[in-house]
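Coordinates from query.cif are shown below (mmCIF, C-alpha atoms, pLDDT in the B column; chains and numbers go by the auth columns).
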```cif
data_my_file
loop_
_atom_site.group_PDB
_atom_site.id
_atom_site.type_symbol
_atom_site.label_atom_id
_atom_site.label_comp_id
_atom_site.label_asym_id
_atom_site.label_seq_id
_atom_site.Cartn_x
_atom_site.Cartn_y
_atom_site.Cartn_z
_atom_site.B_iso_or_equiv
_atom_site.auth_seq_id
_atom_site.auth_asym_id
ATOM 1 C CA MET A 1 -16.867 -25.669 6.898 41.00 1 A
ATOM 2 C CA TYR A 2 -13.144 -25.310 7.383 53.00 2 A
ATOM 3 C CA LYS A 3 -12.380 -23.278 10.498 59.00 3 A
ATOM 4 C CA ASN A 4 -10.047 -20.801 8.727 59.00 4 A
ATOM 5 C CA SER A 5 -12.025 -20.193 5.581 83.00 5 A
ATOM 6 C CA TRP A 6 -10.598 -17.863 2.950 85.00 6 A
ATOM 7 C CA HIS A 7 -13.060 -15.020 3.606 88.00 7 A
ATOM 8 C CA LYS A 8 -12.075 -14.960 7.270 90.00 8 A
ATOM 9 C CA GLN A 9 -8.405 -14.846 6.299 91.00 9 A
ATOM 10 C CA ILE A 10 -9.040 -11.948 3.912 92.00 10 A
ATOM 11 C CA ARG A 11 -10.905 -10.096 6.638 92.00 11 A
ATOM 12 C CA ARG A 12 -7.964 -10.650 8.999 92.00 12 A
ATOM 13 C CA ILE A 13 -5.508 -9.371 6.402 93.00 13 A
ATOM 14 C CA PHE A 14 -7.598 -6.211 5.964 93.00 14 A
ATOM 15 C CA THR A 15 -7.694 -5.818 9.742 93.00 15 A
ATOM 16 C CA PHE A 16 -3.887 -5.802 9.670 94.00 16 A
ATOM 17 C CA TYR A 17 -3.924 -3.423 6.688 94.00 17 A
ATOM 18 C CA ARG A 18 -5.857 -0.853 8.733 93.00 18 A
ATOM 19 C CA ASN A 19 -2.615 -0.261 10.684 87.00 19 A
ATOM 20 C CA HIS A 20 -1.023 1.478 7.711 91.00 20 A
ATOM 21 C CA PHE A 21 -3.850 2.117 5.248 94.00 21 A
ATOM 22 C CA LEU A 22 -4.096 5.858 5.920 95.00 22 A
ATOM 23 C CA ILE A 23 -0.394 6.599 5.432 94.00 23 A
ATOM 24 C CA GLY A 24 -0.407 4.529 2.238 94.00 24 A
ATOM 25 C CA ILE A 25 -3.311 6.515 0.802 96.00 25 A
ATOM 26 C CA VAL A 26 -1.757 9.845 1.833 96.00 26 A
ATOM 27 C CA ILE A 27 1.551 8.964 0.134 97.00 27 A
ATOM 28 C CA SER A 28 -0.322 7.734 -2.966 97.00 28 A
ATOM 29 C CA LEU A 29 -2.341 10.949 -3.184 97.00 29 A
ATOM 30 C CA LEU A 30 0.801 13.037 -2.673 97.00 30 A
ATOM 31 C CA CYS A 31 2.528 11.180 -5.503 96.00 31 A
ATOM 32 C CA LEU A 32 -0.537 11.529 -7.698 96.00 32 A
ATOM 33 C CA TRP A 33 -0.598 15.286 -7.069 96.00 33 A
ATOM 34 C CA VAL A 34 3.101 15.502 -8.009 95.00 34 A
ATOM 35 C CA LEU A 35 2.420 13.554 -11.202 94.00 35 A
ATOM 36 C CA ILE A 36 -0.547 15.759 -12.092 94.00 36 A
ATOM 37 C CA SER A 37 1.542 18.867 -11.452 93.00 37 A
ATOM 38 C CA ASN A 38 4.717 17.750 -13.235 92.00 38 A
ATOM 39 C CA GLY A 39 3.740 15.037 -15.683 91.00 39 A
ATOM 40 C CA LEU A 40 5.146 11.550 -16.123 89.00 40 A
ATOM 41 C CA ILE A 41 8.691 12.861 -15.768 91.00 41 A
ATOM 42 C CA ALA A 42 8.119 12.731 -11.992 93.00 42 A
ATOM 43 C CA PHE A 43 7.141 9.045 -11.963 93.00 43 A
ATOM 44 C CA GLN A 44 10.579 7.772 -10.978 95.00 44 A
ATOM 45 C CA GLY A 45 10.752 10.047 -7.941 96.00 45 A
ATOM 46 C CA CYS A 46 7.239 9.123 -6.882 96.00 46 A
ATOM 47 C CA PHE A 47 8.012 5.438 -7.324 96.00 47 A
ATOM 48 C CA TRP A 48 11.021 5.696 -5.013 97.00 48 A
ATOM 49 C CA LEU A 49 9.078 7.791 -2.503 96.00 49 A
ATOM 50 C CA LYS A 50 6.451 5.065 -2.387 96.00 50 A
ATOM 51 C CA LEU A 51 9.057 2.321 -1.863 96.00 51 A
ATOM 52 C CA VAL A 52 10.891 4.267 0.844 97.00 52 A
ATOM 53 C CA SER A 53 7.583 4.923 2.601 96.00 53 A
ATOM 54 C CA TYR A 54 6.957 1.156 2.635 96.00 54 A
ATOM 55 C CA GLY A 55 10.265 0.657 4.422 96.00 55 A
ATOM 56 C CA ILE A 56 9.448 3.327 6.987 96.00 56 A
ATOM 57 C CA VAL A 57 5.942 1.970 7.590 95.00 57 A
ATOM 58 C CA TYR A 58 7.327 -1.568 7.920 95.00 58 A
ATOM 59 C CA TYR A 59 9.871 -0.395 10.490 96.00 59 A
ATOM 60 C CA PHE A 60 7.351 1.516 12.608 94.00 60 A
ATOM 61 C CA ILE A 61 4.671 -1.178 12.508 94.00 61 A
ATOM 62 C CA ASN A 62 7.308 -3.727 13.564 93.00 62 A
ATOM 63 C CA GLN A 63 8.376 -1.496 16.432 94.00 63 A
ATOM 64 C CA LEU A 64 4.940 -0.405 17.635 92.00 64 A
ATOM 65 C CA ARG A 65 2.860 -3.516 17.004 90.00 65 A
ATOM 66 C CA LYS A 66 5.310 -6.394 17.063 88.00 66 A
ATOM 67 C CA ASN A 67 3.219 -8.394 19.535 91.00 67 A
ATOM 68 C CA GLU A 68 0.274 -8.435 17.117 93.00 68 A
ATOM 69 C CA TYR A 69 2.149 -10.855 14.904 94.00 69 A
ATOM 70 C CA HIS A 70 1.551 -13.572 17.496 94.00 70 A
ATOM 71 C CA TYR A 71 -2.194 -12.987 17.176 94.00 71 A
ATOM 72 C CA TYR A 72 -2.132 -13.286 13.387 94.00 72 A
ATOM 73 C CA ASN A 73 0.240 -16.252 13.522 94.00 73 A
ATOM 74 C CA ASN A 74 -2.179 -18.076 15.829 94.00 74 A
ATOM 75 C CA LEU A 75 -4.886 -17.419 13.240 91.00 75 A
ATOM 76 C CA GLY A 76 -2.743 -19.017 10.541 90.00 76 A
ATOM 77 C CA LEU A 77 -1.293 -15.885 8.936 93.00 77 A
ATOM 78 C CA LYS A 78 2.454 -15.498 8.780 95.00 78 A
ATOM 79 C CA LYS A 79 4.115 -12.102 8.971 95.00 79 A
ATOM 80 C CA SER A 80 5.342 -12.428 5.372 95.00 80 A
ATOM 81 C CA VAL A 81 1.827 -13.164 4.089 95.00 81 A
ATOM 82 C CA LEU A 82 0.447 -10.134 5.899 95.00 82 A
ATOM 83 C CA TRP A 83 3.068 -7.777 4.478 96.00 83 A
ATOM 84 C CA VAL A 84 3.221 -9.133 0.939 96.00 84 A
ATOM 85 C CA THR A 85 -0.565 -9.076 0.637 96.00 85 A
ATOM 86 C CA THR A 86 -1.145 -5.631 2.110 96.00 86 A
ATOM 87 C CA LEU A 87 1.733 -3.965 0.280 96.00 87 A
ATOM 88 C CA SER A 88 0.600 -5.576 -2.973 96.00 88 A
ATOM 89 C CA ILE A 89 -2.908 -4.227 -2.451 96.00 89 A
ATOM 90 C CA ASP A 90 -1.557 -0.767 -1.658 96.00 90 A
ATOM 91 C CA PHE A 91 0.832 -0.684 -4.621 97.00 91 A
ATOM 92 C CA SER A 92 -1.825 -2.012 -6.997 97.00 92 A
ATOM 93 C CA THR A 93 -4.192 0.717 -5.839 96.00 93 A
ATOM 94 C CA TYR A 94 -1.444 3.299 -6.401 97.00 94 A
ATOM 95 C CA ILE A 95 -0.745 2.091 -9.944 96.00 95 A
ATOM 96 C CA LEU A 96 -4.466 1.941 -10.786 97.00 96 A
ATOM 97 C CA MET A 97 -4.865 5.536 -9.551 96.00 97 A
ATOM 98 C CA ILE A 98 -2.028 6.631 -11.833 95.00 98 A
ATOM 99 C CA ILE A 99 -3.410 4.747 -14.842 94.00 99 A
ATOM 100 C CA ALA A 100 -6.916 6.132 -14.292 95.00 100 A
ATOM 101 C CA SER A 101 -5.601 9.679 -13.888 94.00 101 A
ATOM 102 C CA TYR A 102 -3.487 9.348 -17.016 92.00 102 A
ATOM 103 C CA ARG A 103 -6.391 8.017 -19.083 92.00 103 A
ATOM 104 C CA ILE A 104 -8.687 10.774 -17.859 94.00 104 A
ATOM 105 C CA GLY A 105 -6.067 13.267 -18.940 90.00 105 A
ATOM 106 C CA TRP A 106 -5.108 14.642 -15.553 90.00 106 A
ATOM 107 C CA ILE A 107 -1.466 13.624 -15.934 90.00 107 A
ATOM 108 C CA PRO A 108 0.197 15.455 -18.832 86.00 108 A
ATOM 109 C CA HIS A 109 2.612 13.740 -21.209 75.00 109 A
ATOM 110 C CA THR A 110 5.117 16.583 -21.034 65.00 110 A
ATOM 111 C CA ILE A 111 6.617 18.915 -18.471 55.00 111 A
ATOM 112 C CA HIS A 112 4.761 22.167 -17.830 52.00 112 A
#
```
Can the structure in the file be given as structure tokens, please?
Amino acid sequence: MYKNSWHKQIRRIFTFYRNHFLIGIVISLLCLWVLISNGLIAFQGCFWLKLVSYGIVYYFINQLRKNEYHYYNNLGLKKSVLWVTTLSIDFSTYILMIIASYRIGWIPHTIH
């Protein structure tokens, strides 16, 4: 079997994702609470909060764990692949949480 099989690469990506998983979930839950409290009118603000938080997380991970990129690079994972994959997973989870909450009826159509 190929030495860097796809399931090992996925596991390595999730190992990297652990560095910022908690802050991503906290920001997502905060945005979801704002949406539940205020309705879809607050989506734009939550969207920008989420994007700004990505920038802040990216900056701090680069400052605090910059030497880890050598480890992942030696395993065949570029820095861009790590970030694009993990941020895509986080943003997809965020959007799915919003869609599920909206369909359940937790997020109102109008302002309270």
Any chance you could work out the axis-aligned box around stretch 77-88 of chain A, listed atoms only, 5 Å on each side, giving centre and edge lengths in Å to one decimal, as JSON?
```
{"center_x": 2.0, "center_y": -9.9, "center_z": 3.0, "size_x": 16.6, "size_y": 21.9, "size_z": 21.9}
```
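Our summary of the geometry notes that atom CA of A:Thr15 is positioned 27.9 Å from atom CA of A:Trp33.
Rounded to one decimal, atom CA of A:Tyr94 and atom CA of A:Val26 lie 10.5 Å from each other.
Run against this file, the PyMOL selection byres ((chain A and resi 107) around 6) gives back A:Ile36, A:Gly39, A:Tyr102, A:Gly105, A:Trp106, A:Pro108.
As for atom CA of A:Leu82 and atom CA of A:Lys50, they are spaced 18.3 Å apart.
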Can you list what the PyMOL selection byres ((chain A and resi 79) around 12) grabs from this structure, as a list in words?
-> Ile13, Phe16, Tyr58, Ile61, Asn62, Arg65, Lys66, Asn67, Glu68, Tyr69, His70, Tyr71, Tyr72, Asn73, Asn74, Leu75, Gly76, Leu77, Lys78, Ser80, Val81, Leu82, Trp83, Val84, Thr85 and Thr86 of chain A
Which residues would end up in the selection if the PyMOL selection byres ((chain A and resi 23) around 12) were applied here, given that I need the answer as a compact mmCIF listing (two decimals) with C-alpha atoms, in the coordinates of the input?
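Once everything was written out, this is part04.txt:
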```txt
# COMPACT_ATOMS: atom_id res chain seq x y z
CA TYR A 17 -3.92 -3.42 6.69
CA ARG A 18 -5.86 -0.85 8.73
CA ASN A 19 -2.62 -0.26 10.68
CA HIS A 20 -1.02 1.48 7.71
CA PHE A 21 -3.85 2.12 5.25
CA LEU A 22 -4.10 5.86 5.92
CA GLY A 24 -0.41 4.53 2.24
CA ILE A 25 -3.31 6.52 0.80
CA VAL A 26 -1.76 9.85 1.83
CA ILE A 27 1.55 8.96 0.13
CA SER A 28 -0.32 7.73 -2.97
CA LEU A 29 -2.34 10.95 -3.18
CA LEU A 30 0.80 13.04 -2.67
CA LYS A 50 6.45 5.07 -2.39
CA SER A 53 7.58 4.92 2.60
CA TYR A 54 6.96 1.16 2.64
CA ILE A 56 9.45 3.33 6.99
CA VAL A 57 5.94 1.97 7.59
CA TYR A 58 7.33 -1.57 7.92
CA PHE A 60 7.35 1.52 12.61
CA ILE A 61 4.67 -1.18 12.51
CA LEU A 87 1.73 -3.96 0.28
CA ASP A 90 -1.56 -0.77 -1.66
```
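Of the residues listed (A:Ile41, A:Leu49, A:Leu32, A:Leu64), A:Leu32 shows the shortest atom-to-atom separation from A:Thr93; distances use all atoms listed in the file.
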Near A:Phe43, within 10 Å and counting only C-alpha atoms, which residues show up once chain neighbours fewer than 4 positions away are dropped, as a list in words?
-> Cys31, Leu32, Val34, Leu35, Asn38, Gly39, Phe47, Trp48, Leu49 and Ile98 of chain A
Take the residues just selected and output them with C-alpha atoms as a CSV table (one decimal), in the coordinates of the input.
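Saved as part-v1.csv:
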```csv
chain,number,residue,atom,x,y,z
A,31,CYS,CA,2.5,11.2,-5.5
A,32,LEU,CA,-0.5,11.5,-7.7
A,34,VAL,CA,3.1,15.5,-8.0
A,35,LEU,CA,2.4,13.6,-11.2
A,38,ASN,CA,4.7,17.8,-13.2
A,39,GLY,CA,3.7,15.0,-15.7
A,47,PHE,CA,8.0,5.4,-7.3
A,48,TRP,CA,11.0,5.7,-5.0
A,49,LEU,CA,9.1,7.8,-2.5
A,98,ILE,CA,-2.0,6.6,-11.8
```
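Among A:His109, A:His7, A:Arg12, A:Arg103, the residue with the shortest atom-to-atom distance to A:Ala42, counting all atoms listed in the file, is A:His109.
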